[in-house]
file upload01.tsv (TSV, C-alpha atoms and all ligand atoms)
chain	number	residue	atom	x	y	z
A	171	MET	CA	27.76	27.05	-2.60
A	172	ILE	CA	26.03	27.84	-5.87
A	173	SER	CA	28.53	27.95	-8.73
A	174	THR	CA	29.03	31.19	-10.61
A	175	ALA	CA	28.26	29.36	-13.87
A	176	LEU	CA	24.88	28.23	-12.52
A	177	LYS	CA	24.02	31.75	-11.32
A	178	THR	CA	24.97	33.17	-14.72
A	179	ASP	CA	22.80	30.56	-16.46
A	180	LEU	CA	19.93	31.34	-14.12
A	181	SER	CA	20.05	35.08	-14.75
A	182	CYS	CA	20.38	34.54	-18.54
A	183	GLN	CA	17.41	32.20	-18.56
A	184	LEU	CA	15.22	34.55	-16.51
A	185	LEU	CA	16.28	37.82	-18.15
A	186	ASN	CA	15.55	36.31	-21.58
A	187	ALA	CA	12.31	34.63	-20.55
A	188	SER	CA	9.18	35.82	-22.29
A	189	ASN	CA	6.75	34.54	-19.67
A	190	VAL	CA	7.49	32.88	-16.32
A	191	LEU	CA	5.15	30.61	-14.36
A	192	ILE	CA	5.91	30.52	-10.62
A	193	LEU	CA	4.81	27.38	-8.78
A	194	THR	CA	5.23	26.02	-5.28
A	195	HIS	CA	4.26	23.01	-3.19
A	196	GLN	CA	0.74	21.97	-2.20
A	197	ASP	CA	-0.66	23.26	1.10
A	198	PRO	CA	1.67	26.23	0.75
A	199	ASP	CA	3.17	27.89	3.83
A	200	PHE	CA	4.76	31.31	4.28
A	201	ASP	CA	8.06	30.18	2.78
A	202	ALA	CA	6.25	28.94	-0.31
A	203	VAL	CA	3.95	31.93	-0.76
A	204	GLY	CA	6.41	34.58	0.48
A	205	SER	CA	9.18	33.35	-1.82
A	206	SER	CA	6.77	33.12	-4.77
A	207	LEU	CA	5.64	36.72	-4.24
A	208	ALA	CA	9.25	37.90	-3.83
A	209	TRP	CA	10.24	36.28	-7.15
A	210	TYR	CA	7.11	37.65	-8.80
A	211	LYS	CA	7.97	41.21	-7.74
A	212	MET	CA	11.64	40.82	-8.66
A	213	LEU	CA	10.81	39.52	-12.16
A	214	THR	CA	8.26	42.32	-12.60
A	215	LEU	CA	10.91	44.90	-11.65
A	216	HIS	CA	13.01	43.43	-14.49
A	217	ASP	CA	10.06	43.70	-16.94
A	218	ILE	CA	9.73	39.93	-17.09
A	219	PRO	CA	6.07	38.88	-17.23
A	220	ALA	CA	5.29	36.39	-14.47
A	221	THR	CA	2.29	34.59	-13.04
A	222	ILE	CA	2.01	32.81	-9.69
A	223	TYR	CA	-0.27	29.80	-9.83
A	224	ILE	CA	-1.33	27.92	-6.68
A	225	ALA	CA	-3.99	25.25	-7.20
A	226	ASP	CA	-4.91	25.09	-3.50
A	227	ASP	CA	-7.51	27.35	-1.97
A	228	ILE	CA	-5.00	29.39	-0.03
A	229	LYS	CA	-6.03	30.80	3.30
A	230	ASN	CA	-6.44	34.53	3.60
A	231	ASN	CA	-3.70	34.71	6.23
A	232	PHE	CA	-1.37	35.42	3.30
A	233	SER	CA	-3.44	38.38	2.15
A	234	PHE	CA	-1.24	40.98	3.90
A	235	LEU	CA	1.73	40.01	1.72
A	236	PRO	CA	2.33	42.48	-1.14
A	237	ASN	CA	0.65	41.32	-4.38
A	238	ALA	CA	-0.98	38.26	-2.74
A	239	ASN	CA	-4.20	39.25	-4.55
A	240	LEU	CA	-2.48	38.50	-7.88
A	241	ILE	CA	-1.99	34.79	-7.12
A	242	LYS	CA	-3.96	32.72	-9.64
A	243	GLY	CA	-5.95	29.62	-8.65
A	244	GLY	CA	-8.31	27.34	-10.54
A	245	MET	CA	-6.83	25.79	-13.67
A	246	ILE	CA	-4.01	27.06	-15.83
A	247	ARG	CA	-2.36	25.92	-19.05
A	248	ALA	CA	1.41	26.06	-18.90
A	249	ASP	CA	2.03	26.07	-22.67
A	250	GLN	CA	1.88	29.88	-22.73
A	251	PHE	CA	5.03	30.01	-20.56
A	252	ASP	CA	8.64	29.37	-21.60
A	253	THR	CA	10.01	29.16	-18.06
A	254	ILE	CA	8.63	27.45	-14.97
A	255	LEU	CA	10.13	28.45	-11.63
A	256	VAL	CA	9.36	25.87	-8.93
A	257	LEU	CA	10.03	27.02	-5.36
A	258	ASP	CA	10.33	25.08	-2.08
A	259	SER	CA	9.39	21.71	-3.65
A	260	SER	CA	11.58	18.64	-3.29
A	261	ASP	CA	9.97	17.12	-6.38
A	262	SER	CA	7.56	18.17	-9.11
A	263	SER	CA	5.01	15.77	-7.57
A	264	ARG	CA	4.84	18.15	-4.56
A	265	VAL	CA	3.23	20.74	-6.85
A	266	LYS	CA	-0.53	20.31	-6.85
A	267	ARG	CA	-1.86	19.63	-10.38
A	268	TRP	CA	1.65	19.45	-11.91
A	269	ASN	CA	0.44	16.74	-14.28
A	270	ASP	CA	-2.47	18.90	-15.44
A	271	LEU	CA	-0.23	21.77	-16.54
A	272	THR	CA	0.18	20.29	-20.05
A	273	PHE	CA	3.43	21.71	-21.39
A	274	SER	CA	6.05	20.25	-23.68
A	275	GLU	CA	9.38	19.57	-22.01
A	276	GLU	CA	11.23	20.76	-25.15
A	277	SER	CA	9.74	24.24	-25.09
A	278	VAL	CA	9.77	24.94	-21.35
A	279	THR	CA	12.75	25.38	-19.04
A	280	VAL	CA	12.15	24.28	-15.46
A	281	ILE	CA	14.09	26.06	-12.71
A	282	ASN	CA	14.04	24.29	-9.35
A	283	ILE	CA	14.97	26.44	-6.35
A	284	ASP	CA	14.74	24.61	-3.05
A	285	HIS	CA	16.27	23.84	0.34
A	286	HIS	CA	15.07	20.25	0.95
A	287	SER	CA	17.88	17.72	1.31
A	288	ASP	CA	15.84	15.07	-0.55
A	289	ASN	CA	15.32	17.29	-3.61
A	290	THR	CA	15.23	15.07	-6.71
A	291	GLY	CA	16.86	17.59	-9.07
A	292	PHE	CA	13.82	17.53	-11.36
A	293	GLY	CA	14.60	20.87	-13.07
A	294	ASN	CA	16.71	21.85	-16.07
A	295	TYR	CA	18.42	24.11	-13.54
A	296	ASN	CA	18.59	22.96	-9.94
A	297	ILE	CA	19.56	25.40	-7.21
A	298	VAL	CA	19.28	23.43	-4.00
A	299	GLU	CA	21.07	24.67	-0.90
A	300	ASN	CA	20.97	23.57	2.70
A	301	VAL	CA	19.73	26.86	4.18
A	302	SER	CA	16.81	27.72	6.47
A	303	SER	CA	14.31	28.53	3.75
A	304	VAL	CA	13.78	29.38	0.12
A	305	GLY	CA	13.38	32.92	1.46
A	306	GLU	CA	17.00	32.90	2.62
A	307	LEU	CA	18.18	31.21	-0.59
A	308	SER	CA	16.29	33.71	-2.76
A	309	PHE	CA	17.93	36.62	-0.95
A	310	LEU	CA	21.37	35.08	-1.57
A	311	LEU	CA	20.59	34.66	-5.27
A	312	PHE	CA	19.19	38.17	-5.65
A	313	SER	CA	22.19	39.74	-3.95
A	314	ASP	CA	24.71	37.63	-5.91
A	315	LEU	CA	22.99	38.68	-9.14
A	316	GLY	CA	23.02	42.32	-8.03
A	317	TRP	CA	19.21	42.47	-8.14
A	318	VAL	CA	18.06	45.20	-5.75
A	319	ILE	CA	15.54	44.18	-3.08
A	320	ASP	CA	12.67	46.59	-2.52
A	321	GLU	CA	10.41	46.86	0.50
A	322	ASP	CA	7.80	44.41	-0.86
A	323	ILE	CA	10.40	41.77	-1.64
A	324	ALA	CA	12.06	42.28	1.76
A	325	THR	CA	8.71	41.80	3.52
A	326	CYS	CA	7.92	38.60	1.61
A	327	LEU	CA	11.36	37.10	2.19
A	328	TYR	CA	11.38	38.05	5.88
A	329	CYS	CA	8.01	36.29	6.39
A	330	ALA	CA	9.34	33.23	4.53
A	331	ILE	CA	12.43	33.02	6.76
A	332	LEU	CA	10.51	33.77	9.94
A	333	PHE	CA	8.06	30.96	9.20
A	334	ASP	CA	10.54	28.26	8.18
A	335	THR	CA	12.77	28.99	11.17
A	336	GLY	CA	9.80	28.83	13.56
A	337	GLY	CA	10.39	32.42	14.60
A	338	PHE	CA	14.19	31.82	14.67
A	339	MET	CA	13.76	28.90	17.09
A	340	ASN	CA	14.51	25.99	14.73
A	341	SER	CA	17.94	24.41	14.36
A	342	ASN	CA	18.14	25.57	10.72
A	343	VAL	CA	18.98	29.10	11.91
A	344	THR	CA	22.58	30.12	11.21
A	345	ALA	CA	24.63	33.29	11.45
A	346	GLN	CA	23.93	33.72	7.73
A	347	THR	CA	20.17	33.67	8.43
A	348	PHE	CA	20.52	36.67	10.74
A	349	HIS	CA	22.85	38.36	8.27
A	350	VAL	CA	20.19	37.98	5.56
A	351	CYS	CA	17.47	39.25	7.94
A	352	GLU	CA	19.58	42.28	8.80
A	353	HIS	CA	19.60	43.16	5.09
A	354	LEU	CA	15.86	42.54	4.77
A	355	LEU	CA	15.05	44.80	7.73
A	356	THR	CA	17.33	47.47	6.27
A	357	ALA	CA	15.51	47.09	2.93
A	358	GLY	CA	12.18	47.84	4.58
A	359	ALA	CA	10.74	44.68	6.15
A	360	THR	CA	9.08	45.69	9.44
A	361	HIS	CA	9.71	43.11	12.16
A	362	ASN	CA	7.04	44.32	14.60
A	363	ASP	CA	4.26	44.53	12.01
A	364	ILE	CA	5.11	41.12	10.60
A	365	ILE	CA	5.22	39.48	14.06
A	366	GLU	CA	1.87	40.98	14.95
A	367	THR	CA	0.29	39.87	11.69
A	368	MET	CA	1.78	36.37	11.61
A	369	TYR	CA	1.74	35.44	15.29
A	370	GLU	CA	-0.59	37.76	17.19
A	371	SER	CA	-3.65	37.85	14.96
A	372	ILE	CA	-5.09	34.44	15.75
A	373	ASP	CA	-8.76	33.98	15.03
A	374	VAL	CA	-10.25	32.49	18.21
A	375	THR	CA	-11.83	29.68	16.16
A	376	ASP	CA	-8.28	28.56	15.36
A	377	TYR	CA	-8.06	27.44	18.99
A	378	ASP	CA	-10.75	24.79	18.36
A	379	ALA	CA	-8.20	22.60	16.57
A	380	LEU	CA	-5.67	23.22	19.36
A	381	LYS	CA	-8.20	22.05	21.96
A	382	ILE	CA	-8.83	18.84	20.01
A	383	MET	CA	-5.09	18.29	19.52
A	384	LEU	CA	-4.35	18.71	23.24
A	385	SER	CA	-7.28	16.51	24.31
A	386	ARG	CA	-5.86	13.64	22.21
A	387	LEU	CA	-2.21	14.12	23.14
A	388	VAL	CA	-0.18	10.99	23.98
A	389	VAL	CA	3.27	11.20	25.56
A	390	THR	CA	5.32	8.03	25.69
A	391	THR	CA	8.95	6.95	25.87
A	392	GLY	CA	10.96	9.01	23.41
A	393	PHE	CA	8.10	10.62	21.55
A	394	ALA	CA	4.74	12.37	21.78
A	395	TYR	CA	1.91	12.65	19.29
A	396	SER	CA	-1.67	13.57	18.72
A	397	THR	CA	-4.34	12.64	16.21
A	398	LEU	CA	-6.89	14.83	14.48
A	399	PRO	CA	-10.10	13.29	13.16
A	400	SER	CA	-11.30	14.44	9.75
A	401	ASP	CA	-13.93	16.76	11.24
A	402	THR	CA	-11.25	18.81	13.04
A	403	PRO	CA	-11.54	22.41	11.82
A	404	SER	CA	-8.50	23.68	9.95
A	405	SER	CA	-6.25	26.02	11.90
A	406	ALA	CA	-3.56	28.52	11.13
A	407	ILE	CA	-1.85	27.61	14.41
A	408	ASN	CA	1.37	25.63	14.25
A	409	LEU	CA	-0.06	22.79	16.36
A	410	ILE	CA	3.00	20.54	16.29
A	411	SER	CA	5.17	23.16	17.97
A	412	TYR	CA	3.12	22.61	21.15
A	413	ILE	CA	4.07	18.92	21.13
A	414	ARG	CA	7.68	19.53	20.23
A	415	ARG	CA	8.19	21.66	23.33
A	416	ILE	CA	7.52	18.71	25.71
A	417	LYS	CA	10.65	17.73	27.62
A	418	ASN	CA	12.40	14.36	27.31
A	419	ILE	CA	11.06	13.53	23.86
A	420	GLU	CA	12.99	13.19	20.62
A	421	VAL	CA	10.15	13.10	18.12
A	422	ALA	CA	6.80	14.89	17.92
A	423	PHE	CA	4.16	14.10	15.36
A	424	ILE	CA	0.53	14.72	14.44
A	425	VAL	CA	-1.58	12.34	12.38
A	426	LYS	CA	-4.44	14.05	10.61
A	427	GLU	CA	-7.25	12.08	9.05
A	428	THR	CA	-8.36	13.53	5.71
A	429	ASP	CA	-11.70	13.11	4.00
A	430	ALA	CA	-10.57	10.72	1.30
A	431	GLY	CA	-9.54	7.82	3.56
A	432	MET	CA	-6.02	9.16	3.83
A	433	VAL	CA	-3.85	10.28	6.71
A	434	LYS	CA	-1.35	13.11	6.71
A	435	VAL	CA	1.48	13.08	9.21
A	436	SER	CA	3.79	15.93	10.26
A	437	LEU	CA	6.92	14.89	12.14
A	438	ARG	CA	9.53	16.92	14.03
A	439	SER	CA	12.79	15.79	15.60
A	440	LYS	CA	14.47	17.53	18.50
A	441	GLY	CA	17.63	15.46	18.65
A	442	ASN	CA	19.74	13.57	16.12
A	443	PHE	CA	16.97	11.27	14.93
A	444	ASN	CA	16.35	11.63	11.19
A	445	VAL	CA	12.59	12.04	10.69
A	446	SER	CA	13.07	12.41	6.93
A	447	LYS	CA	14.53	8.90	6.77
A	448	PHE	CA	11.80	7.63	9.07
A	449	ALA	CA	9.08	9.21	6.89
A	450	GLY	CA	10.69	7.39	3.97
A	451	LEU	CA	9.50	4.08	5.49
A	452	PHE	CA	5.98	5.23	4.58
A	453	GLY	CA	6.83	6.88	1.26
A	454	GLY	CA	7.20	10.34	2.82
A	455	GLY	CA	10.18	12.67	3.17
A	456	GLY	CA	11.35	16.18	3.96
A	457	HIS	CA	14.13	17.50	6.16
A	458	PHE	CA	16.24	15.79	8.84
A	459	LYS	CA	14.24	17.53	11.60
A	460	ALA	CA	10.91	18.13	9.87
A	461	SER	CA	9.17	15.70	7.55
A	462	GLY	CA	5.80	14.51	6.36
A	463	ILE	CA	3.90	11.43	5.21
A	464	LYS	CA	0.66	11.10	3.25
A	465	VAL	CA	-0.81	7.64	2.77
A	466	THR	CA	-4.11	5.88	2.32
A	467	ALA	CA	-4.85	4.40	5.73
A	468	GLU	CA	-7.37	4.22	8.52
A	469	LEU	CA	-6.46	6.55	11.39
A	470	ASP	CA	-6.34	4.15	14.37
A	471	GLU	CA	-4.60	1.36	12.43
A	472	PHE	CA	-2.04	3.77	11.07
A	473	VAL	CA	-1.31	5.18	14.53
A	474	GLN	CA	-0.60	1.66	15.79
A	475	GLU	CA	1.76	1.04	12.89
A	476	ILE	CA	3.64	4.34	13.07
A	477	THR	CA	4.10	4.19	16.85
A	478	SER	CA	5.48	0.65	16.75
A	479	ARG	CA	7.82	1.46	13.84
A	480	LEU	CA	8.96	4.64	15.57
A	481	THR	CA	9.78	2.73	18.75
A	482	GLU	CA	11.88	0.30	16.65
A	483	SER	CA	13.53	3.09	14.65
A	484	LEU	CA	14.42	5.16	17.71
A	485	ALA	CA	16.47	2.15	18.88
A	486	ASP	CA	18.14	1.74	15.45
A	487	PRO	CA	21.42	3.70	15.01
A	488	ALA	CA	20.82	3.78	11.23
A	489	PHE	CA	18.29	6.58	11.80
A	490	ARG	CA	20.78	8.81	13.56
A	491	LEU	CA	23.52	11.19	12.43
B	501	MN	MN	10.66	25.92	2.95
call {"tool": "encode", "arguments": {"input": "upload01.tsv", "output": "structure tokens"}}
result
Amino acid sequence: MISTALKTDLSCQLLNASNVLILTHQDPDFDAVGSSLAWYKMLTLHDIPATIYIADDIKNNFSFLPNANLIKGGMIRADQFDTILVLDSSDSSRVKRWNDLTFSEESVTVINIDHHSDNTGFGNYNIVENVSSVGELSFLLFSDLGWVIDEDIATCLYCAILFDTGGFMNSNVTAQTFHVCEHLLTAGATHNDIIETMYESIDVTDYDALKIMLSRLVVTTGFAYSTLPSDTPSSAINLISYIRRIKNIEVAFIVKETDAGMVKVSLRSKGNFNVSKFAGLFGGGGHFKASGIKVTAELDEFVQEITSRLTESLADPAFRL
């Protein structure tokens, strides 16, 4: 529960802000971008100037979201803003180019709104709740503050929730999630259009990565994984969901080799194994059932290490609820 005092402080800070910078995590997903656009529109409706800055080259699959064309990329100086709103990021280090923003901590107020259990509380205000998505959390804040949700905001928040719940299939879905979605559909989000745009508009080249992933799939006791070499084309498809659906496994993961001698790992848990804690062994983190790792390593060596540590950890009760 967010305290009334915190909500009052938040609305005071935002309503008195002269210029708000909205940021989110690197490699942004629909929760990150949808929530950013929802906050942008809500602040604009309150005559609060706001800018969304995302340093990544974001894929055009977000382009159907209202105002997505206004997202700024490239470089930005943060000293023209008095408030920085960071969404869906467990730590400021998750924001690409955070250190290049060059602002003075005395003159800028940082508001951290997130739903990751390992959030470091890096903001001057920290609103961190264990809900499905920042989309859901943003709706709760808007409605508590009496801020009316228009059709654009409803669409953005609905996409955010839909994505982070895996189309309402993930364990983070609660009765409250559906309650929030009921309000968003009433406010003008269109379920059928959003489903078609997000899930039934796959570019056939996106299947190239899926073919590679499936051809390298390994299923073993307790877990299944695949590896993607650095020349694998990027894909808008949620590849790991294909692995997670295999029966009799507790953990699914994908190790992706990146160009700079690094590997990126996405992990999912189906049972009571804590993949956030496991990712922590490699300096990663995230949620209990969904986490990530990014380290400098060679692909094959890393796969050997992570599979042997996962076998050990699956047998260790310390990694379970
Ligand atoms: Mn999220």
call {"tool": "closest_residue", "arguments": {"input": "upload01.tsv", "among": "A:Ser260, A:Gly204, A:Pro399, A:Ile283", "to": "A:Gly454", "atoms": "all atoms listed in the file"}}
result
A:Ser260
call {"tool": "residues_near_ligand", "arguments": {"input": "upload01.tsv", "ligand": "ligand MN 501 (chain B)", "cutoff": "12 Å", "atoms": "all atoms listed in the file", "output": "JSON, numbers by chain"}}
result
{"A": [194, 195, 196, 197, 198, 199, 200, 201, 202, 203, 204, 205, 206, 256, 257, 258, 259, 260, 283, 284, 285, 286, 287, 289, 298, 299, 300, 301, 302, 303, 304, 305, 306, 307, 308, 327, 329, 330, 331, 332, 333, 334, 335, 336, 342, 456, 457, 460, 461]}
call {"tool": "closest_residue", "arguments": {"input": "upload01.tsv", "among": "A:Ser436, A:Val318, A:Gly291, A:Ala488", "to": "A:Gly455", "atoms": "all atoms listed in the file"}}
result
A:Ser436
call {"tool": "atom_distance", "arguments": {"input": "upload01.tsv", "atom1": "atom CA of A:Ala406", "atom2": "atom CA of A:Leu437"}}
result
17.2 Å
call {"tool": "closest_atom_pairs", "arguments": {"input": "upload01.tsv", "of": "stretch 296-379 of chain A", "to": "stretch 171-184 of chain A", "cutoff": "9 Å", "atoms": "only C-alpha atoms", "output": "CSV"}}
result
residue,atom,partner,partner_atom,distance
A:Asn296,CA,A:Leu176,CA,8.6
A:Ile297,CA,A:Ile172,CA,7.0
A:Val298,CA,A:Ile172,CA,8.3
A:Glu299,CA,A:Met171,CA,7.3
A:Leu311,CA,A:Lys177,CA,7.5
A:Asp314,CA,A:Lys177,CA,8.0
A:Leu315,CA,A:Ser181,CA,7.3
call {"tool": "closest_residue", "arguments": {"input": "upload01.tsv", "among": "A:Ala208, A:Ile416, A:Ile218, A:Gly453", "to": "A:Leu354", "atoms": "all atoms listed in the file"}}
result
A:Ala208
call {"tool": "axis_aligned_box", "arguments": {"input": "upload01.tsv", "around": "stretch 226-233 of chain A", "padding_each_side": "3 Å", "output": "AutoDock Vina command-line options"}}
result
--center_x -4.4 --center_y 31.7 --center_z 1.4 --size_x 12.1 --size_y 19.3 --size_z 15.7
call {"tool": "residues_around", "arguments": {"input": "upload01.tsv", "residues": "A:Asp227", "least_positions_apart": "5", "cutoff": "12 Å", "atoms": "only C-alpha atoms", "output": "PDB file with C-alpha atoms, in the frame of the given file"}}
result
ATOM      1  CA  GLN A 196       0.740  21.970  -2.200  1.00  0.00           C
ATOM      2  CA  ASP A 197      -0.660  23.260   1.100  1.00  0.00           C
ATOM      3  CA  PRO A 198       1.670  26.230   0.750  1.00  0.00           C
ATOM      4  CA  PHE A 232      -1.370  35.420   3.300  1.00  0.00           C
ATOM      5  CA  ILE A 241      -1.990  34.790  -7.120  1.00  0.00           C
ATOM      6  CA  LYS A 242      -3.960  32.720  -9.640  1.00  0.00           C
ATOM      7  CA  GLY A 243      -5.950  29.620  -8.650  1.00  0.00           C
ATOM      8  CA  GLY A 244      -8.310  27.340 -10.540  1.00  0.00           C
ATOM      9  CA  MET A 245      -6.830  25.790 -13.670  1.00  0.00           C
ATOM     10  CA  LYS A 266      -0.530  20.310  -6.850  1.00  0.00           C
TER      11      LYS A 266
END
call {"tool": "atom_distance", "arguments": {"input": "upload01.tsv", "atom1": "atom CA of A:Asp486", "atom2": "atom CA of A:Asn340"}}
result
24.5 Å
call {"tool": "residues_around", "arguments": {"input": "upload01.tsv", "residues": "A:Leu191", "least_positions_apart": "5", "cutoff": "8 Å", "atoms": "all atoms listed in the file", "output": "VMD selection string"}}
result
chain A and resid 220 to 223 248 251 253 to 255
call {"tool": "closest_residue", "arguments": {"input": "upload01.tsv", "among": "A:Asn237, A:Ser313, A:Thr428, A:Thr279", "to": "A:Ser400", "atoms": "all atoms listed in the file"}}
result
A:Thr428
call {"tool": "atom_distance", "arguments": {"input": "upload01.tsv", "atom1": "atom CA of A:Met339", "atom2": "atom CA of A:Thr390"}}
result
24.1 Å
call {"tool": "residues_around", "arguments": {"input": "upload01.tsv", "residues": "A:Leu235", "least_positions_apart": "6", "cutoff": "8 Å", "atoms": "all atoms listed in the file", "output": "ChimeraX atom specification"}}
result
/A:204,207,322,325-326
call {"tool": "closest_residue", "arguments": {"input": "upload01.tsv", "among": "A:Asn408, A:Trp209, A:Leu398, A:Ala422", "to": "A:Asp470", "atoms": "all atoms listed in the file"}}
result
A:Leu398
call {"tool": "residues_around", "arguments": {"input": "upload01.tsv", "residues": "stretch 369-382 of chain A", "least_positions_apart": "3", "cutoff": "12 Å", "atoms": "only C-alpha atoms", "output": "compact mmCIF listing (two decimals) with C-alpha atoms, in the coordinates of the input"}}
result
# COMPACT_ATOMS: atom_id res chain seq x y z
CA ASN A 230 -6.44 34.53 3.60
CA ASN A 231 -3.70 34.71 6.23
CA PHE A 234 -1.24 40.98 3.90
CA CYS A 329 8.01 36.29 6.39
CA LEU A 332 10.51 33.77 9.94
CA PHE A 333 8.06 30.96 9.20
CA GLY A 336 9.80 28.83 13.56
CA GLY A 337 10.39 32.42 14.60
CA HIS A 361 9.71 43.11 12.16
CA ASN A 362 7.04 44.32 14.60
CA ASP A 363 4.26 44.53 12.01
CA ILE A 364 5.11 41.12 10.60
CA ILE A 365 5.22 39.48 14.06
CA GLU A 366 1.87 40.98 14.95
CA SER A 385 -7.28 16.51 24.31
CA ARG A 386 -5.86 13.64 22.21
CA LEU A 387 -2.21 14.12 23.14
CA SER A 396 -1.67 13.57 18.72
CA THR A 397 -4.34 12.64 16.21
CA LEU A 398 -6.89 14.83 14.48
CA PRO A 399 -10.10 13.29 13.16
CA SER A 400 -11.30 14.44 9.75
CA ASP A 401 -13.93 16.76 11.24
CA THR A 402 -11.25 18.81 13.04
CA PRO A 403 -11.54 22.41 11.82
CA SER A 404 -8.50 23.68 9.95
CA SER A 405 -6.25 26.02 11.90
CA ALA A 406 -3.56 28.52 11.13
CA ILE A 407 -1.85 27.61 14.41
CA ASN A 408 1.37 25.63 14.25
CA LEU A 409 -0.06 22.79 16.36
CA ILE A 410 3.00 20.54 16.29
CA SER A 411 5.17 23.16 17.97
CA TYR A 412 3.12 22.61 21.15
CA ILE A 413 4.07 18.92 21.13
CA ILE A 424 0.53 14.72 14.44
CA LYS A 426 -4.44 14.05 10.61
call {"tool": "closest_residue", "arguments": {"input": "upload01.tsv", "among": "A:Ile281, A:Phe292, A:Pro236, A:Gly431", "to": "A:Ser263", "atoms": "all atoms listed in the file"}}
result
A:Phe292
call {"tool": "residues_around", "arguments": {"input": "upload01.tsv", "residues": "A:Ile476", "least_positions_apart": "4", "cutoff": "12 Å", "atoms": "only C-alpha atoms", "output": "JSON list (two decimals) with C-alpha atoms, in the frame of the given file"}}
result
[["chain", "number", "residue", "atom", "x", "y", "z"],
["A", 393, "PHE", "CA", 8.10, 10.62, 21.55],
["A", 394, "ALA", "CA", 4.74, 12.37, 21.78],
["A", 395, "TYR", "CA", 1.91, 12.65, 19.29],
["A", 397, "THR", "CA", -4.34, 12.64, 16.21],
["A", 423, "PHE", "CA", 4.16, 14.10, 15.36],
["A", 424, "ILE", "CA", 0.53, 14.72, 14.44],
["A", 425, "VAL", "CA", -1.58, 12.34, 12.38],
["A", 433, "VAL", "CA", -3.85, 10.28, 6.71],
["A", 434, "LYS", "CA", -1.35, 13.11, 6.71],
["A", 435, "VAL", "CA", 1.48, 13.08, 9.21],
["A", 436, "SER", "CA", 3.79, 15.93, 10.26],
["A", 437, "LEU", "CA", 6.92, 14.89, 12.14],
["A", 448, "PHE", "CA", 11.80, 7.63, 9.07],
["A", 449, "ALA", "CA", 9.08, 9.21, 6.89],
["A", 450, "GLY", "CA", 10.69, 7.39, 3.97],
["A", 451, "LEU", "CA", 9.50, 4.08, 5.49],
["A", 452, "PHE", "CA", 5.98, 5.23, 4.58],
["A", 463, "ILE", "CA", 3.90, 11.43, 5.21],
["A", 465, "VAL", "CA", -0.81, 7.64, 2.77],
["A", 467, "ALA", "CA", -4.85, 4.40, 5.73],
["A", 468, "GLU", "CA", -7.37, 4.22, 8.52],
["A", 469, "LEU", "CA", -6.46, 6.55, 11.39],
["A", 470, "ASP", "CA", -6.34, 4.15, 14.37],
["A", 471, "GLU", "CA", -4.60, 1.36, 12.43],
["A", 472, "PHE", "CA", -2.04, 3.77, 11.07],
["A", 480, "LEU", "CA", 8.96, 4.64, 15.57],
["A", 481, "THR", "CA", 9.78, 2.73, 18.75],
["A", 482, "GLU", "CA", 11.88, 0.30, 16.65],
["A", 483, "SER", "CA", 13.53, 3.09, 14.65],
["A", 484, "LEU", "CA", 14.42, 5.16, 17.71]]
